[in-house]
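Asks: Here you go, this is start.txt (compact mmCIF, C-alpha atoms).
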# COMPACT_ATOMS: atom_id res chain seq x y z
CA MET A 1 123.45 114.19 106.11
CA LYS A 2 126.06 111.75 104.80
CA ARG A 3 124.91 108.36 103.67
CA GLN A 4 127.14 105.30 103.67
CA LEU A 5 127.07 103.08 100.60
CA ALA A 6 127.72 100.11 102.87
CA ALA A 7 124.33 100.73 104.47
CA LEU A 8 122.75 100.90 101.03
CA ALA A 9 124.26 97.57 100.12
CA GLY A 10 122.69 96.07 103.18
CA LEU A 11 119.33 97.52 102.27
CA GLY A 12 119.73 96.06 98.81
CA THR A 13 119.40 92.58 100.28
CA LEU A 14 115.82 93.26 101.30
CA THR A 15 113.03 91.45 99.44
CA LEU A 16 111.34 94.13 97.39
CA SER A 17 107.62 93.96 96.79
CA ALA A 18 106.29 95.69 93.72
CA CYS A 19 103.52 97.83 95.07
CA THR A 20 102.70 101.45 95.71
CA ILE A 21 102.29 102.76 99.24
CA GLY A 22 99.04 101.45 100.61
CA ASP A 23 98.32 99.42 97.46
CA PRO A 24 95.98 96.50 98.22
CA LEU A 25 96.89 94.85 94.92
CA THR A 26 100.04 93.15 93.68
CA GLU A 27 101.77 95.00 90.87
CA PRO A 28 103.51 93.08 88.09
CA ALA A 29 107.10 92.05 88.83
CA PRO A 30 109.81 94.14 87.10
CA GLU A 31 110.38 91.53 84.44
CA SER A 32 106.72 91.77 83.36
CA VAL A 33 106.91 95.46 82.55
CA GLU A 34 105.60 96.19 79.09
CA ILE A 35 108.12 98.40 77.34
CA VAL A 36 106.49 100.83 74.98
CA THR A 37 108.65 102.44 72.32
CA VAL A 38 107.34 105.76 71.09
CA THR A 39 108.71 106.93 67.76
CA GLU A 40 108.28 110.58 66.91
CA THR A 41 108.52 111.46 63.24
CA SER A 42 108.87 114.97 61.96
CA LYS A 43 106.81 115.98 58.98
CA THR A 44 108.50 118.17 56.42
CA SER A 45 106.69 119.67 53.49
CA ASP A 46 108.23 119.39 50.03
CA THR A 47 107.31 123.02 49.43
CA PRO A 48 107.38 124.77 52.79
CA ALA A 49 105.36 127.97 52.85
CA PRO A 50 105.66 130.72 55.46
CA SER A 51 101.87 130.93 55.56
CA SER A 52 101.47 127.31 56.72
CA PRO A 53 99.67 127.25 60.08
CA PRO A 54 102.07 126.31 62.91
CA ALA A 55 101.26 124.06 65.84
CA PRO A 56 99.84 125.93 68.82
CA ALA A 57 102.41 128.05 70.62
CA THR A 58 103.89 127.24 74.02
CA GLU A 59 101.95 130.06 75.64
CA SER A 60 98.27 129.77 74.84
CA ALA A 61 95.77 132.50 75.64
CA HIS A 62 92.96 129.97 75.54
CA ASP A 63 91.28 129.59 78.92
CA LEU A 64 91.05 125.88 79.72
CA THR A 65 89.27 126.38 83.04
CA PRO A 66 85.71 125.82 81.71
CA ALA A 67 86.72 122.56 80.02
CA LEU A 68 88.57 121.33 83.12
CA THR A 69 85.66 122.27 85.37
CA ALA A 70 83.20 120.42 83.13
CA ALA A 71 85.44 117.33 83.15
CA VAL A 72 85.67 117.31 86.94
CA ASP A 73 81.92 117.89 87.30
CA HIS A 74 81.11 114.96 84.99
CA VAL A 75 83.44 112.59 86.85
CA VAL A 76 82.13 113.56 90.28
CA ALA A 77 78.54 113.26 89.05
CA ALA A 78 79.28 109.71 87.89
CA HIS A 79 81.23 108.48 90.91
CA GLY A 80 80.73 110.95 93.76
CA GLY A 81 83.69 111.89 95.93
CA GLN A 82 86.36 114.36 94.83
CA ALA A 83 88.37 114.98 91.69
CA ALA A 84 90.86 117.57 90.52
CA VAL A 85 92.95 118.38 87.47
CA SER A 86 95.60 120.90 86.49
CA VAL A 87 97.25 121.61 83.15
CA GLY A 88 100.63 123.28 83.43
CA GLY A 89 99.76 124.65 86.85
CA ASP A 90 98.06 127.65 85.26
CA PHE A 91 94.65 126.06 84.65
CA SER A 92 93.04 123.97 87.39
CA ALA A 93 89.66 122.70 88.54
CA GLY A 94 88.32 120.59 91.40
CA ASP A 95 89.69 119.96 94.87
CA ALA A 96 92.28 117.46 96.05
CA SER A 97 93.89 119.75 98.61
CA GLY A 98 93.79 117.16 101.39
CA PHE A 99 95.44 114.37 99.39
CA ALA A 100 98.88 113.00 100.20
CA SER A 101 101.29 112.75 97.28
CA TRP A 102 101.76 108.98 97.75
CA SER A 103 104.10 107.42 95.18
CA THR A 104 104.11 110.38 92.81
CA MET A 105 106.85 111.66 95.13
CA LYS A 106 109.07 108.84 93.92
CA VAL A 107 109.90 110.98 90.86
CA PRO A 108 111.84 113.75 92.67
CA VAL A 109 113.20 111.20 95.15
CA ALA A 110 114.59 109.09 92.29
CA ILE A 111 116.13 112.12 90.59
CA ALA A 112 117.83 113.28 93.79
CA ALA A 113 119.09 109.77 94.56
CA LEU A 114 120.48 109.17 91.06
CA ASN A 115 122.22 112.55 91.07
CA ALA A 116 124.24 111.36 94.08
CA HIS A 117 124.34 107.62 93.36
CA PRO A 118 123.95 106.76 89.66
CA GLU A 119 124.68 103.13 90.53
CA LEU A 120 121.15 102.90 91.97
CA SER A 121 119.61 102.76 88.49
CA THR A 122 117.96 99.38 89.12
CA GLU A 123 116.30 100.68 92.28
CA ALA A 124 115.12 103.76 90.37
CA ALA A 125 113.63 101.60 87.62
CA ASN A 126 111.74 99.47 90.14
CA ALA A 127 110.52 102.49 92.10
CA ILE A 128 109.21 104.28 89.01
CA GLN A 129 108.07 101.52 86.66
CA VAL A 130 106.37 99.17 89.14
CA SER A 131 106.20 101.58 92.10
CA ASP A 132 108.24 99.26 94.33
CA ASN A 133 108.27 100.60 97.89
CA GLY A 134 111.38 98.74 98.98
CA ALA A 135 113.36 100.18 96.07
CA ALA A 136 112.01 103.65 96.80
CA ASP A 137 113.08 103.33 100.44
CA ILE A 138 116.65 102.59 99.33
CA LEU A 139 116.57 105.72 97.13
CA TRP A 140 115.15 107.81 99.99
CA ARG A 141 117.87 106.61 102.39
CA SER A 142 120.57 107.41 99.83
CA THR A 143 119.63 111.08 99.63
CA THR A 144 118.30 113.83 101.91
CA PRO A 145 115.00 115.70 102.13
CA GLU A 146 116.91 118.86 101.29
CA ALA A 147 118.22 117.32 98.05
CA VAL A 148 114.69 116.24 97.09
CA GLU A 149 113.39 119.74 97.82
CA ALA A 150 116.17 121.18 95.63
CA VAL A 151 114.99 118.97 92.74
CA MET A 152 111.42 120.16 93.23
CA ALA A 153 112.47 123.80 93.44
CA GLU A 154 114.49 123.43 90.23
CA GLY A 155 111.26 122.15 88.69
CA HIS A 156 109.48 125.35 89.82
CA SER A 157 107.60 123.54 92.58
CA PRO A 158 109.18 124.58 95.91
CA VAL A 159 107.29 122.22 98.21
CA SER A 160 108.39 121.17 101.69
CA VAL A 161 109.05 117.42 101.85
CA GLU A 162 107.67 115.51 104.84
CA ARG A 163 110.54 114.26 106.98
CA GLU A 164 108.76 112.33 109.73
CA VAL A 165 106.68 109.16 109.56
CA ILE A 166 103.33 110.68 110.51
CA ARG A 167 101.33 107.53 109.67
CA PRO A 168 102.84 104.20 110.75
CA GLY A 169 103.23 101.83 107.84
CA PHE A 170 103.60 104.62 105.26
CA SER A 171 106.73 106.43 104.11
CA ALA A 172 107.43 109.95 105.28
CA PHE A 173 107.98 111.35 101.78
CA GLY A 174 104.76 109.79 100.47
CA GLN A 175 102.74 111.88 102.93
CA THR A 176 104.11 115.14 101.49
CA ARG A 177 101.36 117.58 100.53
CA TRP A 178 102.03 118.25 96.85
CA PRO A 179 99.16 120.22 95.28
CA ILE A 180 97.88 119.19 91.86
CA SER A 181 98.76 122.59 90.38
CA GLU A 182 102.32 122.31 91.71
CA GLN A 183 102.69 118.84 90.23
CA ALA A 184 101.56 120.04 86.81
CA ARG A 185 104.01 122.94 87.01
CA PHE A 186 106.80 120.54 88.01
CA ALA A 187 105.93 118.32 85.04
CA SER A 188 106.16 121.32 82.73
CA HIS A 189 109.74 122.05 83.85
CA LEU A 190 110.81 118.45 84.51
CA GLY A 191 112.80 118.13 81.30
CA CYS A 192 115.14 120.93 82.43
CA VAL A 193 115.81 119.51 85.90
CA ALA A 194 119.38 118.23 86.27
CA GLY A 195 119.43 114.44 86.22
CA ALA A 196 115.78 114.05 85.23
CA ALA A 197 116.39 112.43 81.82
CA PRO A 198 116.71 108.79 82.99
CA VAL A 199 113.68 109.15 85.25
CA LEU A 200 111.61 110.66 82.44
CA GLU A 201 112.56 107.67 80.29
CA LEU A 202 111.36 105.32 83.03
CA MET A 203 108.10 107.26 83.25
CA GLY A 204 107.50 106.32 79.62
CA ASN A 205 107.64 102.60 80.46
CA ILE A 206 105.22 102.15 83.36
CA ALA A 207 103.99 98.63 84.19
CA GLY A 208 100.85 97.54 82.38
CA GLY A 209 98.92 97.19 85.62
CA GLN A 210 98.92 100.98 85.91
CA ALA A 211 97.59 101.63 82.40
CA TYR A 212 94.62 103.69 83.53
CA GLY A 213 94.12 107.46 83.62
CA LEU A 214 97.06 109.15 81.88
CA GLY A 215 98.37 105.66 81.12
CA THR A 216 95.61 105.23 78.52
CA ILE A 217 97.29 107.85 76.30
CA PRO A 218 100.00 106.32 74.05
CA GLY A 219 103.34 108.04 74.56
CA ALA A 220 102.51 109.40 78.02
CA ARG A 221 105.30 109.79 80.55
CA PHE A 222 103.72 109.66 83.96
CA LYS A 223 103.86 108.41 87.55
CA GLY A 224 100.93 107.38 89.70
CA GLY A 225 100.40 107.05 93.42
CA TRP A 226 97.57 105.79 95.60
CA GLY A 227 96.78 105.07 99.20
CA PRO A 228 94.10 105.33 101.89
CA SER A 229 93.22 108.62 103.50
CA ILE A 230 92.77 108.85 107.27
CA SER A 231 89.12 107.88 106.72
CA GLY A 232 90.17 104.86 104.64
CA ALA A 233 88.97 106.10 101.24
CA TYR A 234 91.56 105.60 98.54
CA GLU A 235 93.20 108.68 97.00
CA VAL A 236 94.46 108.01 93.47
CA ARG A 237 96.59 110.46 91.54
CA GLN A 238 98.91 110.77 88.54
CA PHE A 239 101.06 113.44 86.92
CA GLY A 240 103.28 113.70 83.90
CA LEU A 241 103.54 114.66 80.24
CA VAL A 242 101.05 113.51 77.62
CA PRO A 243 101.18 114.12 73.85
CA ASP A 244 98.47 116.06 72.05
CA ALA A 245 97.41 115.64 68.42
CA HIS A 246 100.36 117.81 67.30
CA GLY A 247 102.95 115.75 69.16
CA ARG A 248 103.51 118.45 71.78
CA MET A 249 103.95 117.27 75.37
CA ILE A 250 101.34 118.70 77.73
CA PRO A 251 101.96 118.79 81.51
CA VAL A 252 98.99 117.36 83.41
CA ALA A 253 98.20 116.30 86.98
CA ILE A 254 94.99 114.55 88.05
CA ALA A 255 93.60 113.13 91.29
CA ALA A 256 90.41 111.50 92.53
CA SER A 257 88.78 109.73 95.45
CA ALA A 258 85.48 107.95 94.82
CA ALA A 259 82.43 108.02 97.07
CA ASP A 260 82.74 104.26 97.66
CA GLY A 261 86.37 104.72 98.70
CA THR A 262 87.80 101.92 96.55
CA TYR A 263 91.01 101.95 94.56
CA GLU A 264 89.19 100.53 91.54
CA SER A 265 86.66 103.36 91.46
CA GLY A 266 89.49 105.87 91.81
CA GLN A 267 91.14 104.30 88.77
CA ALA A 268 87.90 104.58 86.81
CA MET A 269 87.60 108.24 87.76
CA LEU A 270 91.10 109.03 86.50
CA THR A 271 90.41 107.21 83.24
CA GLN A 272 87.16 109.11 82.69
CA LEU A 273 88.85 112.37 83.63
CA THR A 274 91.60 111.71 81.09
CA THR A 275 89.07 110.91 78.36
CA GLU A 276 87.24 114.16 79.08
CA LEU A 277 90.52 116.11 78.94
CA ILE A 278 91.83 114.86 75.61
CA PRO A 279 89.89 117.38 73.42
CA ALA A 280 91.23 120.27 75.50
CA LEU A 281 94.89 119.24 75.16
CA ASP A 282 95.22 120.60 71.62
CA THR A 283 94.69 124.17 72.88
CA ALA A 284 96.73 123.73 76.08
CA PRO A 285 100.16 125.26 76.65
CA ASN A 286 102.85 122.67 76.04
CA ALA A 287 105.58 121.91 78.56
CA VAL A 288 108.26 124.54 79.05
CA CYS A 289 110.85 121.74 78.97
CA ALA A 290 109.65 118.75 76.94
Could I get this file's structure written as structure tokens?
Replies:
Amino acid sequence: MKRQLAALAGLGTLTLSACTIGDPLTEPAPESVEIVTVTETSKTSDTPAPSSPPAPATESAHDLTPALTAAVDHVVAAHGGQAAVSVGGDFSAGDASGFASWSTMKVPVAIAALNAHPELSTEAANAIQVSDNGAADILWRSTTPEAVEAVMAEGHSPVSVEREVIRPGFSAFGQTRWPISEQARFASHLGCVAGAAPVLELMGNIAGGQAYGLGTIPGARFKGGWGPSISGAYEVRQFGLVPDAHGRMIPVAIAASAADGTYESGQAMLTQLTTELIPALDTAPNAVCA
């Protein structure tokens, strides 16, 4: 479906509010984004020896399932509700099968939009860094569901994108069912997806108001999303790439919904889940495309 840039220009005059779909809070304005510069330094030995132990390999035989299950169990015991986690898509625990993707879908939408319209870089920055819904709507209107699905398939996550507004007041794409394991797999291959580089850079500079969960790990590149389920309980989720102690980037996706249904408790669950996961990251498979 062809999109007219004139229509996009008209949309660009809309007043954009910096908030994620269904967010009851006000996110920081774009100019308040805290830019975090991550410097990676390589360590070279003066006398390299073949016998020196290497960093863990990309493919790890270590079964992370027990550690992930324990992390989910601890979080649910503390807050009630539901929680889920996946590392690389190969190791998963918990249940978030009924969750909508919410604003995590802004990542493939932004990639698809920028591939066709690189001039929408400001809208992409607002959609990713402060989760601005108005900016994301411009991106969505500039592309097609088929193009977004192609981005997801290239990232080894062939998920069908929701095309219709099934809940008034919420975007169609944000209601896409994107399983946690599929998100983690997509994160693992994200670096090889055509046009993903600028979006990955934006994911490394998320607004300070979203510095919970994966955002508590320095150097993380992630995107969050949150919104109320049909029952009204907030679903909170994040996915992306987080560094381990060796500097490898580990693909992770997490989600939670607290027993009290609040956004704040969902945030706390993701932060606790992330804390519980950190020891397991050093034996996790790193991203296929970091």
Asks: Residues within 12 Å of Val159 of chain A, please, as a ChimeraX atom specification. Count only C-alpha atoms; anything in the same chain fewer than 4 positions from it doesn't count.
Replies: /A:101,105,108,145-155,173,176-183,185-186
Asks: Which one of A:Gln238, A:Gly81, A:Ala67, A:Val72 sits closest to Gly94 of chain A if you count all atoms listed in the file?
Replies: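 With all atoms listed in the file as the atom set, the closest residue is A:Val72.
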Asks: For atom CA of Gly213 of chain A and atom CA of Thr275 of chain A, determine how far apart the two atoms are, in Å to one decimal place.
Replies: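 So the answer is 8.1 Å.
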Asks: With distances taken over all atoms listed in the file, which residue among A:Ala127, A:Ile230, A:Ile206, A:Leu64 lies nearest Pro285 of chain A?
Replies: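 Going through A:Ala127, A:Ile230, A:Ile206, A:Leu64 one by one, the smallest distance to Pro285 of chain A is for A:Leu64.
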Asks: Have a look at A:Leu277, A:Ala187, A:Val288, A:Ala110 and name the one nearest to Thr65 of chain A; count all atoms listed in the file.
Replies: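 Nearest to Thr65 of chain A: A:Leu277.
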Asks: Tell me which of A:Gln272, A:Gln175, A:Ser103, A:Ser142 sits closest to Asp73 of chain A, counting only C-alpha atoms.
Replies: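 Of the candidates, the smallest distance to Asp73 of chain A is held by A:Gln272.
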Asks: Between atom CA of Arg163 of chain A and atom CA of Lys223 of chain A, measure the distance and give it in Å to one decimal.
Replies: 21.4 Å
Asks: Rank A:Ala113, A:Ala77, A:Ala196, A:Ala287 by their smallest atom-to-atom distance to Thr144 of chain A, using only C-alpha atoms, and report the top residue only.
Replies: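 When distances to Thr144 of chain A are compared using only C-alpha atoms, the smallest one comes from A:Ala113.
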Asks: Pick out the closest residue to Val75 of chain A from this set: A:Ala280, A:Ser257, A:Leu273, A:Pro168. Count all atoms listed in the file.
Replies: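 Result for the nearest residue to Val75 of chain A: A:Leu273.
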Asks: Need to verify the contact set: Gly240 of chain A, 12 Å, all atoms listed in the file, exclusion of same-chain residues closer than 3 positions in sequence. Can you return it as an MDAnalysis selection string?
Replies: chainID A and resid 85:89 104:105 107 180:191 199:204 206 213:215 217 219:225 237 243 249:254 286:287 290
Asks: Please indicate the distance in Å from atom CA of Asp132 of chain A to atom CA of Gly98 of chain A, rounded to one decimal place.
Replies: 24.1 Å
Asks: Please identify all polymer residues lying at most 12 Å from the point (121.4, 101.1, 91.1) (file coordinates), using all atoms listed in the file, and present the result as a ChimeraX atom specification.
Replies: /A:5,8-9,11-12,110,113-127,135-136,138-139,142
Asks: May I have the selected residues written with C-alpha atoms, as a PDB file, in the frame of the given file?
Replies:
ATOM      1  CA  LEU A   5     127.070 103.080 100.600  1.00  0.00           C
ATOM      2  CA  LEU A   8     122.750 100.900 101.030  1.00  0.00           C
ATOM      3  CA  ALA A   9     124.260  97.570 100.120  1.00  0.00           C
ATOM      4  CA  LEU A  11     119.330  97.520 102.270  1.00  0.00           C
ATOM      5  CA  GLY A  12     119.730  96.060  98.810  1.00  0.00           C
ATOM      6  CA  ALA A 110     114.590 109.090  92.290  1.00  0.00           C
ATOM      7  CA  ALA A 113     119.090 109.770  94.560  1.00  0.00           C
ATOM      8  CA  LEU A 114     120.480 109.170  91.060  1.00  0.00           C
ATOM      9  CA  ASN A 115     122.220 112.550  91.070  1.00  0.00           C
ATOM     10  CA  ALA A 116     124.240 111.360  94.080  1.00  0.00           C
ATOM     11  CA  HIS A 117     124.340 107.620  93.360  1.00  0.00           C
ATOM     12  CA  PRO A 118     123.950 106.760  89.660  1.00  0.00           C
ATOM     13  CA  GLU A 119     124.680 103.130  90.530  1.00  0.00           C
ATOM     14  CA  LEU A 120     121.150 102.900  91.970  1.00  0.00           C
ATOM     15  CA  SER A 121     119.610 102.760  88.490  1.00  0.00           C
ATOM     16  CA  THR A 122     117.960  99.380  89.120  1.00  0.00           C
ATOM     17  CA  GLU A 123     116.300 100.680  92.280  1.00  0.00           C
ATOM     18  CA  ALA A 124     115.120 103.760  90.370  1.00  0.00           C
ATOM     19  CA  ALA A 125     113.630 101.600  87.620  1.00  0.00           C
ATOM     20  CA  ASN A 126     111.740  99.470  90.140  1.00  0.00           C
ATOM     21  CA  ALA A 127     110.520 102.490  92.100  1.00  0.00           C
ATOM     22  CA  ALA A 135     113.360 100.180  96.070  1.00  0.00           C
ATOM     23  CA  ALA A 136     112.010 103.650  96.800  1.00  0.00           C
ATOM     24  CA  ILE A 138     116.650 102.590  99.330  1.00  0.00           C
ATOM     25  CA  LEU A 139     116.570 105.720  97.130  1.00  0.00           C
ATOM     26  CA  SER A 142     120.570 107.410  99.830  1.00  0.00           C
TER      27      SER A 142
END
Asks: Box time for segment 196-199 of chain A: axis-aligned, enclosing all its listed atoms, 6 Å extra on each side; report centre and edge lengths in Å to one decimal, as lines of an AutoDock Vina configuration file.
Replies:
center_x = 115.2
center_y = 111.4
center_z = 83.5
size_x = 15.0
size_y = 17.3
size_z = 15.4
